[in-house]
>>> print(open('work.cif').read())   # mmCIF, C-alpha atoms
data_input
#
loop_
_atom_site.label_atom_id
_atom_site.label_comp_id
_atom_site.auth_asym_id
_atom_site.auth_seq_id
_atom_site.Cartn_x
_atom_site.Cartn_y
_atom_site.Cartn_z
CA MET H 1 11.93 9.12 4.97
CA ALA H 2 9.94 6.65 2.84
CA LEU H 3 12.43 4.32 1.22
CA LYS H 4 12.77 3.90 -2.53
CA ARG H 5 10.62 1.09 -3.85
CA ILE H 6 11.10 -1.51 -6.56
CA MET H 7 8.22 -3.68 -7.65
CA PRO H 8 7.10 -6.10 -10.34
CA CYS H 9 4.42 -4.90 -12.76
CA LEU H 10 2.41 -7.95 -13.76
CA LEU H 11 0.06 -8.00 -16.72
CA TYR H 12 -3.05 -10.15 -16.42
CA ASP H 13 -5.20 -10.95 -19.45
CA GLY H 14 -8.25 -12.30 -17.63
CA VAL H 15 -6.87 -15.85 -17.55
CA GLY H 16 -3.20 -15.76 -16.64
CA LEU H 17 -0.15 -13.57 -16.58
CA VAL H 18 1.28 -12.36 -19.88
CA LYS H 19 4.12 -10.11 -20.97
CA THR H 20 3.92 -7.69 -23.87
CA VAL H 21 6.39 -5.84 -26.08
CA ASN H 22 5.26 -2.27 -26.81
CA PHE H 23 1.90 -3.25 -25.32
CA LYS H 24 1.48 -5.86 -28.12
CA ASN H 25 1.94 -9.61 -28.66
CA PRO H 26 1.18 -10.84 -25.16
CA SER H 27 3.15 -14.01 -24.34
CA TYR H 28 1.82 -16.36 -21.71
CA ILE H 29 3.79 -16.35 -18.47
CA GLY H 30 1.79 -18.42 -16.02
CA ASP H 31 -0.50 -18.40 -13.04
CA PRO H 32 -0.54 -15.19 -11.00
CA ILE H 33 -0.94 -16.89 -7.62
CA ASN H 34 2.26 -18.90 -7.99
CA ALA H 35 4.10 -15.79 -9.14
CA ILE H 36 2.87 -13.77 -6.17
CA LYS H 37 4.01 -16.49 -3.77
CA ILE H 38 7.49 -16.22 -5.24
CA TYR H 39 7.47 -12.41 -5.03
CA ASN H 40 6.70 -12.75 -1.32
CA GLU H 41 9.86 -14.79 -0.94
CA LYS H 42 11.76 -12.23 -3.00
CA GLU H 43 10.48 -9.52 -0.64
CA VAL H 44 9.32 -7.08 -3.30
CA ASP H 45 8.27 -3.70 -1.90
CA GLU H 46 4.95 -3.65 -3.63
CA LEU H 47 3.03 -5.49 -6.31
CA ILE H 48 1.27 -4.11 -9.36
CA VAL H 49 -1.24 -6.17 -11.32
CA ILE H 50 -2.88 -4.74 -14.40
CA ASP H 51 -5.72 -6.45 -16.22
CA ILE H 52 -4.88 -5.38 -19.77
CA ASN H 53 -8.11 -6.69 -21.28
CA ALA H 54 -10.82 -5.59 -18.85
CA THR H 55 -11.48 -2.18 -20.42
CA LYS H 56 -11.01 -3.45 -23.99
CA GLN H 57 -13.46 -6.30 -23.40
CA LYS H 58 -15.80 -3.98 -21.50
CA ARG H 59 -15.90 -6.25 -18.48
CA LYS H 60 -15.58 -5.82 -14.74
CA PRO H 61 -12.38 -6.62 -12.89
CA ASN H 62 -12.19 -10.34 -12.10
CA PHE H 63 -12.92 -9.84 -8.40
CA ASP H 64 -12.64 -13.53 -7.49
CA LYS H 65 -9.19 -13.81 -8.98
CA ILE H 66 -8.13 -10.49 -7.46
CA ALA H 67 -9.28 -11.75 -4.05
CA ASP H 68 -7.08 -14.82 -4.50
CA MET H 69 -4.14 -12.66 -5.49
CA ALA H 70 -4.67 -10.24 -2.60
CA SER H 71 -4.83 -13.10 -0.13
CA GLU H 72 -1.30 -14.10 -1.15
CA ALA H 73 0.15 -10.58 -1.35
CA PHE H 74 1.81 -9.76 1.97
CA MET H 75 2.96 -6.43 0.63
CA PRO H 76 1.01 -3.42 -0.66
CA PHE H 77 -1.00 -4.47 -3.69
CA ALA H 78 -1.96 -2.14 -6.53
CA TYR H 79 -4.53 -3.19 -9.12
CA GLY H 80 -5.67 -1.56 -12.35
CA GLY H 81 -8.02 -2.50 -15.17
CA GLY H 82 -11.76 -2.12 -15.79
CA VAL H 83 -12.49 -0.17 -12.61
CA LYS H 84 -15.46 2.06 -13.36
CA THR H 85 -17.74 2.67 -10.39
CA PHE H 86 -17.38 3.73 -6.78
CA ASP H 87 -18.52 0.25 -5.81
CA ASP H 88 -15.73 -1.29 -7.92
CA PHE H 89 -13.20 0.69 -5.89
CA ALA H 90 -14.91 -0.18 -2.61
CA THR H 91 -14.94 -3.88 -3.49
CA LEU H 92 -11.25 -3.85 -4.38
CA TYR H 93 -10.23 -2.11 -1.15
CA LYS H 94 -12.29 -4.58 0.81
CA LEU H 95 -10.54 -7.48 -0.92
CA GLY H 96 -7.18 -6.19 0.28
CA VAL H 97 -6.09 -4.02 -2.62
CA GLU H 98 -4.31 -0.94 -1.21
CA LYS H 99 -4.17 1.12 -4.37
CA VAL H 100 -6.36 1.22 -7.44
CA ILE H 101 -4.72 2.32 -10.69
CA VAL H 102 -6.91 4.38 -13.01
CA ASN H 103 -6.45 5.15 -16.67
CA SER H 104 -9.52 5.19 -18.96
CA LEU H 105 -11.71 6.28 -16.07
CA ILE H 106 -9.80 9.58 -15.95
CA GLN H 107 -11.43 10.43 -19.30
CA GLN H 108 -14.73 8.71 -18.68
CA ASN H 109 -15.61 9.75 -15.16
CA PRO H 110 -13.14 11.92 -13.25
CA ASP H 111 -15.84 12.74 -10.68
CA VAL H 112 -15.98 9.20 -9.39
CA ILE H 113 -12.20 9.29 -8.93
CA LYS H 114 -12.53 12.50 -6.91
CA LYS H 115 -15.23 10.93 -4.79
CA VAL H 116 -13.03 7.89 -4.12
CA ILE H 117 -10.09 10.12 -3.14
CA GLU H 118 -12.34 12.07 -0.78
CA HIS H 119 -13.53 8.88 0.84
CA TYR H 120 -10.40 6.68 0.89
CA GLY H 121 -7.59 9.22 0.62
CA ALA H 122 -5.20 10.16 -2.18
CA GLN H 123 -2.81 7.31 -1.38
CA ALA H 124 -5.50 4.81 -2.46
CA VAL H 125 -5.56 6.00 -6.09
CA VAL H 126 -2.73 5.86 -8.61
CA GLY H 127 -3.04 7.76 -11.89
CA CYS H 128 -1.66 5.85 -14.87
CA VAL H 129 -0.03 7.75 -17.70
CA ASP H 130 0.58 5.43 -20.65
CA TYR H 131 2.38 7.30 -23.37
CA LYS H 132 3.92 6.65 -26.78
CA LYS H 133 5.24 8.29 -29.91
CA ALA H 134 2.46 10.18 -31.62
CA MET H 135 1.84 9.78 -35.33
CA PHE H 136 3.12 13.27 -36.05
CA GLY H 137 6.08 13.19 -33.68
CA GLY H 138 6.50 13.81 -29.99
CA LEU H 139 5.30 11.69 -27.10
CA LYS H 140 1.64 11.73 -26.10
CA PRO H 141 -0.41 10.15 -23.34
CA PHE H 142 -3.20 7.87 -24.49
CA SER H 143 -5.99 5.75 -23.07
CA TYR H 144 -7.92 2.70 -24.18
CA CYS H 145 -11.43 4.06 -24.05
CA GLY H 146 -11.18 5.71 -27.44
CA GLU H 147 -11.16 9.26 -26.12
CA LYS H 148 -8.12 11.28 -27.14
CA ILE H 149 -6.09 12.98 -24.45
CA LYS H 150 -5.34 16.44 -25.77
CA LEU H 151 -2.80 17.41 -23.11
CA SER H 152 0.95 16.92 -23.25
CA ILE H 153 2.47 14.35 -20.88
CA ILE H 154 3.53 17.07 -18.45
CA ASP H 155 0.20 18.88 -18.49
CA TYR H 156 -1.63 15.60 -18.10
CA ALA H 157 0.61 14.62 -15.16
CA LYS H 158 -0.04 18.03 -13.58
CA TYR H 159 -3.78 17.61 -14.10
CA LEU H 160 -3.72 14.21 -12.37
CA ALA H 161 -1.58 15.39 -9.48
CA ASN H 162 -3.02 18.85 -8.88
CA ASP H 163 -6.61 18.83 -10.13
CA LEU H 164 -7.73 15.25 -9.81
CA GLY H 165 -5.59 14.75 -6.70
CA VAL H 166 -4.28 11.20 -7.13
CA GLY H 167 -1.61 10.09 -4.68
CA GLU H 168 0.92 8.71 -7.14
CA LEU H 169 1.67 8.59 -10.83
CA PHE H 170 2.41 5.42 -12.72
CA LEU H 171 4.37 6.51 -15.77
CA TYR H 172 4.51 3.79 -18.41
CA SER H 173 6.34 4.15 -21.73
CA VAL H 174 4.72 2.01 -24.42
CA ASP H 175 7.73 2.36 -26.70
CA LYS H 176 10.05 1.04 -24.00
CA ASP H 177 7.74 -1.75 -22.81
CA GLY H 178 9.39 -5.15 -23.13
CA THR H 179 12.55 -3.79 -24.79
CA TRP H 180 15.04 -4.29 -21.91
CA GLU H 181 16.87 -1.17 -23.16
CA GLY H 182 16.37 1.04 -20.11
CA TYR H 183 13.79 3.52 -18.85
CA ASP H 184 12.75 6.58 -20.82
CA GLU H 185 14.90 8.79 -18.63
CA VAL H 186 14.17 12.04 -20.47
CA THR H 187 10.41 11.92 -19.91
CA ILE H 188 10.71 10.57 -16.38
CA ALA H 189 13.08 13.39 -15.38
CA GLU H 190 10.78 15.98 -16.92
CA VAL H 191 7.73 14.68 -15.07
CA ILE H 192 9.63 14.51 -11.77
CA ASN H 193 10.70 18.12 -12.22
CA ASN H 194 7.15 19.24 -12.76
CA ILE H 195 5.09 17.48 -10.13
CA ASP H 196 5.38 16.84 -6.41
CA ILE H 197 3.66 13.48 -5.95
CA PRO H 198 5.60 10.18 -6.07
CA ILE H 199 6.31 8.63 -9.46
CA ILE H 200 6.49 4.96 -10.30
CA ALA H 201 8.56 4.67 -13.47
CA CYS H 202 7.78 1.76 -15.78
CA GLY H 203 8.83 0.41 -19.15
CA GLY H 204 12.16 -0.78 -20.48
CA CYS H 205 14.06 -1.95 -17.44
CA GLY H 206 16.67 -4.53 -18.44
CA ASN H 207 19.28 -4.53 -15.69
CA ILE H 208 20.16 -3.29 -12.22
CA ASP H 209 21.92 -0.20 -13.51
CA HIS H 210 18.71 0.92 -15.20
CA LEU H 211 16.99 0.70 -11.83
CA LYS H 212 19.76 2.55 -10.03
CA ASN H 213 19.73 5.32 -12.63
CA VAL H 214 16.02 5.93 -12.42
CA LEU H 215 15.93 5.84 -8.62
CA TYR H 216 19.13 7.70 -7.77
CA LYS H 217 20.16 9.73 -10.82
CA LEU H 218 16.64 10.84 -11.70
CA ASN H 219 15.37 10.53 -8.14
CA ALA H 220 12.16 8.65 -8.92
CA ASN H 221 10.45 7.33 -5.78
CA ALA H 222 9.71 3.95 -7.25
CA ALA H 223 10.47 1.80 -10.25
CA ALA H 224 8.48 -1.06 -11.70
CA ILE H 225 9.94 -3.89 -13.74
CA GLY H 226 8.07 -6.14 -16.16
CA SER H 227 10.15 -8.43 -18.37
CA MET H 228 12.98 -8.72 -15.86
CA ALA H 229 10.55 -10.02 -13.25
CA VAL H 230 9.13 -12.77 -15.46
CA TYR H 231 11.95 -13.87 -17.81
CA SER H 232 15.36 -15.25 -16.93
CA LYS H 233 17.05 -13.08 -19.58
CA LYS H 234 16.13 -11.20 -22.71
CA GLY H 235 14.83 -13.69 -25.29
CA MET H 236 14.95 -16.53 -22.75
CA GLY H 237 12.31 -18.57 -20.97
CA VAL H 238 9.88 -17.69 -18.22
CA LEU H 239 11.38 -17.35 -14.77
CA ILE H 240 9.62 -15.54 -11.95
CA ASN H 241 12.47 -13.65 -10.31
CA PHE H 242 13.44 -10.31 -8.87
CA PRO H 243 16.69 -8.45 -8.22
CA GLN H 244 17.93 -8.68 -4.68
CA ARG H 245 16.81 -5.47 -3.03
CA GLU H 246 20.18 -4.66 -1.48
CA THR H 247 21.83 -4.62 -4.90
CA VAL H 248 19.65 -1.66 -5.87
CA ILE H 249 18.44 0.17 -2.78
CA GLN H 250 21.27 2.01 -1.06
CA GLU H 251 19.63 3.23 2.14
CA MET J 252 -8.75 -17.26 20.31
CA ILE J 253 -7.56 -14.06 18.58
CA VAL J 254 -10.42 -11.82 17.57
CA ILE J 255 -9.88 -9.24 14.84
CA VAL J 256 -12.48 -6.69 15.81
CA ASP J 257 -14.85 -5.82 12.98
CA TYR J 258 -16.36 -2.43 13.67
CA GLY J 259 -16.97 -1.53 10.06
CA LEU J 260 -13.62 0.07 9.22
CA GLY J 261 -10.41 -1.25 7.89
CA ASN J 262 -8.98 -4.00 5.84
CA LEU J 263 -9.70 -7.02 7.98
CA ALA J 264 -9.09 -9.66 5.33
CA SER J 265 -5.39 -8.82 5.00
CA VAL J 266 -4.77 -9.31 8.71
CA LEU J 267 -6.58 -12.63 8.74
CA ASN J 268 -4.71 -13.72 5.60
CA MET J 269 -1.40 -13.13 7.27
CA PHE J 270 -2.38 -15.11 10.37
CA LYS J 271 -3.42 -17.93 8.03
CA LYS J 272 -0.04 -17.76 6.33
CA ILE J 273 1.73 -17.84 9.70
CA GLY J 274 -0.36 -20.86 10.61
CA THR J 275 -1.98 -19.33 13.69
CA LYS J 276 -5.09 -21.29 14.50
CA ASP J 277 -8.21 -19.91 16.04
CA VAL J 278 -8.27 -16.42 14.55
CA VAL J 279 -11.64 -14.90 13.69
CA ILE J 280 -12.99 -11.63 12.37
CA SER J 281 -15.99 -10.58 14.42
CA GLY J 282 -17.92 -7.64 15.76
CA GLU J 283 -20.22 -9.78 17.90
CA HIS J 284 -20.09 -9.25 21.62
CA GLU J 285 -20.35 -12.96 22.51
CA ILE J 286 -17.33 -13.73 20.34
CA ILE J 287 -15.19 -10.81 21.52
CA GLU J 288 -16.13 -11.72 25.10
CA LYS J 289 -14.34 -15.04 24.60
CA ALA J 290 -11.19 -13.56 23.02
CA ASP J 291 -7.89 -14.15 24.73
CA LYS J 292 -6.24 -11.68 22.36
CA ILE J 293 -7.69 -8.74 20.54
CA LEU J 294 -6.56 -7.09 17.36
CA LEU J 295 -7.97 -3.67 16.56
CA PRO J 296 -7.32 -2.74 12.93
CA GLY J 297 -8.63 0.36 11.24
CA VAL J 298 -8.26 2.69 8.31
CA GLY J 299 -9.85 6.11 8.03
CA ALA J 300 -10.67 9.07 10.23
CA PHE J 301 -10.42 9.12 14.03
CA ASP J 302 -13.97 10.27 14.77
CA ALA J 303 -15.41 7.78 12.28
CA GLY J 304 -13.50 5.05 14.11
CA MET J 305 -14.79 6.07 17.54
CA GLU J 306 -18.31 6.52 16.19
CA HIS J 307 -18.29 3.02 14.78
CA LEU J 308 -17.07 1.62 18.10
CA GLU J 309 -19.78 3.57 19.96
CA LYS J 310 -22.51 2.51 17.55
CA SER J 311 -21.61 -1.15 17.99
CA ASN J 312 -21.52 -0.54 21.74
CA LEU J 313 -18.04 -2.05 21.82
CA ILE J 314 -16.28 0.44 24.11
CA PRO J 315 -17.42 -1.01 27.49
CA LEU J 316 -16.55 -4.48 26.23
CA LEU J 317 -13.10 -3.41 25.01
CA ASN J 318 -12.50 -1.65 28.35
CA LYS J 319 -13.39 -4.81 30.21
CA LYS J 320 -11.16 -7.01 28.04
CA ALA J 321 -8.21 -4.62 27.90
CA LEU J 322 -8.26 -3.00 31.34
CA GLU J 323 -9.84 -5.58 33.65
CA GLN J 324 -8.96 -8.90 32.05
CA LYS J 325 -5.71 -7.50 30.66
CA VAL J 326 -6.00 -9.42 27.45
CA PRO J 327 -3.17 -8.59 24.99
CA LEU J 328 -4.50 -6.03 22.54
CA LEU J 329 -2.80 -4.79 19.39
CA GLY J 330 -4.04 -1.69 17.57
CA ILE J 331 -2.93 -1.24 13.96
CA CYS J 332 -2.77 2.10 12.14
CA LEU J 333 -6.01 3.95 13.07
CA GLY J 334 -6.49 1.16 15.60
CA MET J 335 -3.34 2.37 17.39
CA GLN J 336 -4.46 6.00 17.25
CA LEU J 337 -7.82 5.06 18.81
CA LEU J 338 -5.88 3.80 21.84
CA THR J 339 -4.82 7.39 22.61
CA LYS J 340 -6.83 10.04 24.47
CA ARG J 341 -7.67 12.32 21.57
CA SER J 342 -6.74 13.31 18.02
CA ASP J 343 -6.18 16.49 16.03
CA GLU J 344 -8.25 14.77 13.39
CA GLY J 345 -11.48 14.90 15.36
CA VAL J 346 -13.30 15.97 18.50
CA LYS J 347 -14.14 12.64 20.07
CA ASN J 348 -12.34 11.08 23.00
CA GLY J 349 -10.20 8.08 22.21
CA LEU J 350 -10.09 4.86 24.23
CA GLY J 351 -7.28 6.30 26.33
CA TYR J 352 -5.42 3.05 27.02
CA ILE J 353 -2.19 4.78 26.06
CA ASP J 354 -1.16 8.02 27.70
CA ALA J 355 -0.83 9.88 24.44
CA GLU J 356 -2.56 12.01 21.85
CA THR J 357 -2.74 11.78 18.08
CA ILE J 358 -1.43 14.81 16.23
CA LYS J 359 -0.95 16.01 12.69
CA PHE J 360 2.43 16.00 10.99
CA ASN J 361 4.04 19.40 11.03
CA ILE J 362 6.79 19.10 8.49
CA ASP J 363 9.16 21.80 7.35
CA PRO J 364 7.78 22.77 3.89
CA GLN J 365 11.33 22.96 2.57
CA LEU J 366 11.64 19.21 2.96
CA LYS J 367 8.82 18.85 0.41
CA LEU J 368 7.53 15.72 2.11
CA LYS J 369 4.02 14.68 1.22
CA ILE J 370 1.24 13.85 3.62
CA PRO J 371 0.20 11.08 4.03
CA HIS J 372 3.47 9.45 4.93
CA MET J 373 3.18 6.50 2.57
CA GLY J 374 5.73 3.79 1.95
CA TRP J 375 8.33 1.65 3.63
CA ASP J 376 10.54 2.84 6.45
CA TYR J 377 12.96 1.46 8.96
CA VAL J 378 12.02 1.86 12.59
CA SER J 379 14.19 2.03 15.69
CA VAL J 380 13.02 -0.08 18.56
CA LYS J 381 13.85 1.57 21.87
CA LYS J 382 12.82 -1.01 24.43
CA ASN J 383 12.77 -4.74 24.88
CA ASN J 384 9.32 -6.06 24.11
CA PRO J 385 7.62 -9.27 23.02
CA LEU J 386 6.77 -8.08 19.49
CA VAL J 387 9.92 -6.76 17.81
CA GLU J 388 13.58 -7.25 18.56
CA ILE J 389 15.68 -4.34 19.58
CA ASP J 390 18.39 -3.39 17.03
CA SER J 391 16.60 -5.27 14.29
CA LYS J 392 16.83 -3.75 10.84
CA ASN J 393 13.16 -4.18 10.07
CA ARG J 394 11.21 -2.18 7.55
CA TYR J 395 7.46 -1.72 7.61
CA TYR J 396 4.78 -0.25 5.39
CA PHE J 397 3.16 3.00 6.53
CA VAL J 398 0.15 5.00 5.36
CA HIS J 399 -0.88 7.81 7.72
CA SER J 400 -1.34 11.57 8.07
CA TYR J 401 -1.41 11.71 11.87
CA PHE J 402 0.87 10.18 14.44
CA VAL J 403 0.88 9.32 18.12
CA LYS J 404 2.69 11.52 20.61
CA CYS J 405 3.20 9.88 23.98
CA PHE J 406 2.86 11.99 27.13
CA ASP J 407 4.68 9.22 28.94
CA ASP J 408 7.83 8.45 26.97
CA LYS J 409 8.02 5.02 28.60
CA GLN J 410 5.04 4.01 26.47
CA SER J 411 6.84 4.83 23.22
CA LEU J 412 8.25 1.53 22.03
CA ALA J 413 9.69 2.42 18.64
CA THR J 414 10.17 5.49 16.49
CA CYS J 415 10.41 6.32 12.83
CA ASN J 416 11.47 9.46 11.01
CA TYR J 417 9.48 11.35 8.42
CA GLY J 418 10.62 14.96 8.48
CA GLN J 419 10.40 14.59 12.24
CA GLU J 420 10.87 11.72 14.63
CA PHE J 421 7.59 10.14 15.71
CA THR J 422 6.44 7.18 17.77
CA CYS J 423 5.42 4.30 15.54
CA MET J 424 4.86 1.65 18.22
CA VAL J 425 3.36 2.01 21.67
CA ASN J 426 3.04 -0.25 24.69
CA ASN J 427 1.38 0.02 28.06
CA ASN J 428 1.25 -3.30 29.91
CA ASN J 429 -0.91 -5.61 27.78
CA ILE J 430 -1.76 -2.88 25.24
CA PHE J 431 0.28 -2.55 22.04
CA GLY J 432 -0.01 -0.40 18.97
CA ALA J 433 1.69 -0.20 15.59
CA GLN J 434 1.26 2.76 13.27
CA PHE J 435 2.45 0.76 10.26
CA HIS J 436 0.71 -2.20 8.64
CA PRO J 437 2.34 -5.46 9.74
CA GLU J 438 -0.14 -7.36 7.54
CA LYS J 439 1.43 -5.69 4.48
CA SER J 440 5.06 -5.73 5.64
CA LEU J 441 6.32 -9.07 4.34
CA ARG J 442 8.28 -11.24 6.78
CA PHE J 443 8.95 -8.25 9.06
CA GLY J 444 5.26 -7.80 9.78
CA MET J 445 4.66 -11.52 9.77
CA LYS J 446 7.18 -11.91 12.58
CA LEU J 447 5.43 -9.20 14.60
CA LEU J 448 2.02 -10.85 14.26
CA GLU J 449 3.53 -14.23 14.98
CA ASN J 450 5.05 -12.84 18.17
CA PHE J 451 1.73 -11.26 19.12
CA ALA J 452 0.02 -14.64 18.68
CA LYS J 453 2.62 -16.18 21.00
CA ILE J 454 2.27 -13.71 23.89
#
>>> encode(input="work.cif", output="structure tokens")
Amino acid sequence: MALKRIMPCLLYDGVGLVKTVNFKNPSYIGDPINAIKIYNEKEVDELIVIDINATKQKRKPNFDKIADMASEAFMPFAYGGGVKTFDDFATLYKLGVEKVIVNSLIQQNPDVIKKVIEHYGAQAVVGCVDYKKAMFGGLKPFSYCGEKIKLSIIDYAKYLANDLGVGELFLYSVDKDGTWEGYDEVTIAEVINNIDIPIIACGGCGNIDHLKNVLYKLNANAAAIGSMAVYSKKGMGVLINFPQRETVIQE
Amino acid sequence: MIVIVDYGLGNLASVLNMFKKIGTKDVVISGEHEIIEKADKILLPGVGAFDAGMEHLEKSNLIPLLNKKALEQKVPLLGICLGMQLLTKRSDEGVKNGLGYIDAETIKFNIDPQLKLKIPHMGWDYVSVKKNNPLVEIDSKNRYYFVHSYFVKCFDDKQSLATCNYGQEFTCMVNNNNIFGAQFHPEKSLRFGMKLLENFAKI
């Protein structure tokens, strides 16, 4: 019945892995290849790697590095960051990336996303919804390409699921990122109630109960963890680790 | 030598990477007849549509060679995902004949809409192994990664090796003599898939 999934969400800055708080102040974590080797041992259900600088620096994904990462990832591998053209997608799939995560491209060129979905299937594309408190109150989705998203989170999620046709949604709360205080359960529940495709919740996870809540109370299909997968504890040093699956997944 | 057949479809690198990790020597990716001719095991991967898969095999003129290896020489052959579906006689997804090494057809999921299950079936699932076989242990609690919209329905139940449930029970592994198939992706299924490929290499 497709089991619930838990996965690390790793942030890559073009050189190494980093971890942010509220998408700011990236702290260096280490080399992605070593981390991925450890996540194999930890038997994570999936792996997410996001290049947080590719779009900002207007550069292509680092295909060589992604190839190295993919060659060590013996689980489904999702990559996002700087993917612009059909050929970018094709290259990534060929390297062993199962899913490409799109964000800015949704504003810049939705047609190429549709073409990719037609060719590779909906399961090969994940729509990313980054969202944060807007200046005048309320939560709003946003992207890095400078173009404002006028829709509400729910309408944007519906657009991605129903019109664009992506296979999954990656829902990432900027305000919760790196805080360890728990997922944004209100928004996650609202999105789940409004769309039919699987949701990967991200941002704020600080303990196993947070994971259990989002997966079993809110019924999200998948949950991603950032800080908890790269630090030993809040405020403590780097430690690549992952909760034992059986402590969370009750199936 | 294990040959991962390159017929222009599918994620070949991942399969090779996992064999490297296992430490299996003498594994190559190739679509060349002279190389496949020498194979003592064949792995048929594949992602995409059924007819596209058969067309690619036809275009590379690989079907007579695969028949010879699989049916005459009885070389162990493992089809993965679309590669398993190509082993059947036909598919709802297209009009072309399959390879027909397995007495089965490939059909579309027909799931009760009330269950609200999405197609493709994507994600991890446990499988139940029904028969002793060289690839997976019976009664093992193994989980594997699936991505598919169609599944294999065996005409001869003896060829159904393992099943999985997604709104309905379906065959997720097949076997007929030296021919094996897995609907899921062992190359993306951590140690569970690694064990399967390791066992295949040891046959």
>>> interface_residues(input="work.cif", of="chain H", to="chain J", cutoff="8 Å", atoms="only C-alpha atoms", output="list in words")
Met1, Ala2, Leu3, Lys4, Arg5, Asn40, Glu43, Asp45, Ala70, Ser71, Glu72, Ala73, Phe74, Met75, Pro76, Tyr93, Lys94, Leu95, Gly96, Tyr120, Gln123, Asp196 and Ile197 of chain H
>>> write_last_selection(input="work.cif", atoms="C-alpha atoms", output="CSV table (one decimal), in the coordinates of the input")
chain,number,residue,atom,x,y,z
H,1,MET,CA,11.9,9.1,5.0
H,2,ALA,CA,9.9,6.6,2.8
H,3,LEU,CA,12.4,4.3,1.2
H,4,LYS,CA,12.8,3.9,-2.5
H,5,ARG,CA,10.6,1.1,-3.8
H,40,ASN,CA,6.7,-12.8,-1.3
H,43,GLU,CA,10.5,-9.5,-0.6
H,45,ASP,CA,8.3,-3.7,-1.9
H,70,ALA,CA,-4.7,-10.2,-2.6
H,71,SER,CA,-4.8,-13.1,-0.1
H,72,GLU,CA,-1.3,-14.1,-1.2
H,73,ALA,CA,0.2,-10.6,-1.4
H,74,PHE,CA,1.8,-9.8,2.0
H,75,MET,CA,3.0,-6.4,0.6
H,76,PRO,CA,1.0,-3.4,-0.7
H,93,TYR,CA,-10.2,-2.1,-1.2
H,94,LYS,CA,-12.3,-4.6,0.8
H,95,LEU,CA,-10.5,-7.5,-0.9
H,96,GLY,CA,-7.2,-6.2,0.3
H,120,TYR,CA,-10.4,6.7,0.9
H,123,GLN,CA,-2.8,7.3,-1.4
H,196,ASP,CA,5.4,16.8,-6.4
H,197,ILE,CA,3.7,13.5,-6.0
>>> residues_near_point(input="work.cif", point="(1.0, -5.1, -20.4)", cutoff="12 Å", atoms="all atoms listed in the file", output="number ranges by chain")
H: 8-13, 17-29, 48-54, 80-81, 130, 172-178, 202-204, 225-227
>>> residues_near_point(input="work.cif", point="(17.1, -4.4, 12.5)", cutoff="9 Å", atoms="all atoms listed in the file", output="count of residues only")
11
>>> residues_around(input="work.cif", residues="stretch 278-282 of chain J", least_positions_apart="3", cutoff="9 Å", atoms="only C-alpha atoms", output="list in words")
Met252, Ile253, Val254, Ile255, Val256, Asp257, Tyr258, Gly259, Leu263, Ala264, Leu267, Phe270, Lys271, Thr275, Glu285, Ile286, Ile287, Ser311 and Leu313 of chain J
>>> closest_residue(input="work.cif", among="J:Lys404, J:Lys320, J:Lys409, J:Lys347", to="J:Glu288", atoms="only C-alpha atoms")
J:Lys320
>>> atom_distance(input="work.cif", atom1="atom CA of H:Thr91", atom2="atom CA of H:Leu160")
23.1 Å
>>> atom_distance(input="work.cif", atom1="atom CA of H:Val129", atom2="atom CA of H:Phe242")
24.2 Å
>>> closest_residue(input="work.cif", among="J:Ala433, J:Ile358, J:Ala303, J:Met335", to="J:Phe451", atoms="all atoms listed in the file")
J:Ala433
>>> residues_around(input="work.cif", residues="stretch 181-191 of chain H", least_positions_apart="5", cutoff="6 Å", atoms="only C-alpha atoms", output="list in words")
Ile154, Gly203, Gly204, Cys205, Gly206, His210 and Leu218 of chain H
>>> atom_distance(input="work.cif", atom1="atom CA of J:Val403", atom2="atom CA of H:Val100")
27.8 Å
>>> resolve_selection(input="work.cif", expression="the PyMOL selection byres ((chain J and resi 326) around 10)", output="VMD selection string")
chain J and resid 290 to 293 317 319 to 325 327 to 329 428 to 430 454
>>> closest_residue(input="work.cif", among="H:Ala124, H:Val238, H:Ala222, H:Val112", to="H:Phe77", atoms="all atoms listed in the file")
H:Ala124
>>> residues_around(input="work.cif", residues="H:Ile106", least_positions_apart="6", cutoff="10 Å", atoms="only C-alpha atoms", output="list of chain:residue names")
H:Lys84, H:Val112, H:Ile113, H:Lys114, H:Gly127, H:Cys128, H:Ser143, H:Cys145, H:Ile149, H:Leu160, H:Leu164
>>> resolve_selection(input="work.cif", expression="the PyMOL selection byres ((chain H and resi 86) around 10)", output="CSV table (one decimal) with C-alpha atoms, keeping the file's coordinate frame")
chain,number,residue,atom,x,y,z
H,83,VAL,CA,-12.5,-0.2,-12.6
H,84,LYS,CA,-15.5,2.1,-13.4
H,85,THR,CA,-17.7,2.7,-10.4
H,87,ASP,CA,-18.5,0.2,-5.8
H,88,ASP,CA,-15.7,-1.3,-7.9
H,89,PHE,CA,-13.2,0.7,-5.9
H,90,ALA,CA,-14.9,-0.2,-2.6
H,91,THR,CA,-14.9,-3.9,-3.5
H,111,ASP,CA,-15.8,12.7,-10.7
H,112,VAL,CA,-16.0,9.2,-9.4
H,113,ILE,CA,-12.2,9.3,-8.9
H,115,LYS,CA,-15.2,10.9,-4.8
H,116,VAL,CA,-13.0,7.9,-4.1
H,119,HIS,CA,-13.5,8.9,0.8
>>> closest_residue(input="work.cif", among="J:Ile273, J:Cys332, J:Leu316, J:Met305", to="J:Lys289", atoms="only C-alpha atoms")
J:Leu316
>>> closest_residue(input="work.cif", among="J:Cys405, J:Leu448, J:Leu295, J:Ile314", to="J:Pro385", atoms="all atoms listed in the file")
J:Leu448
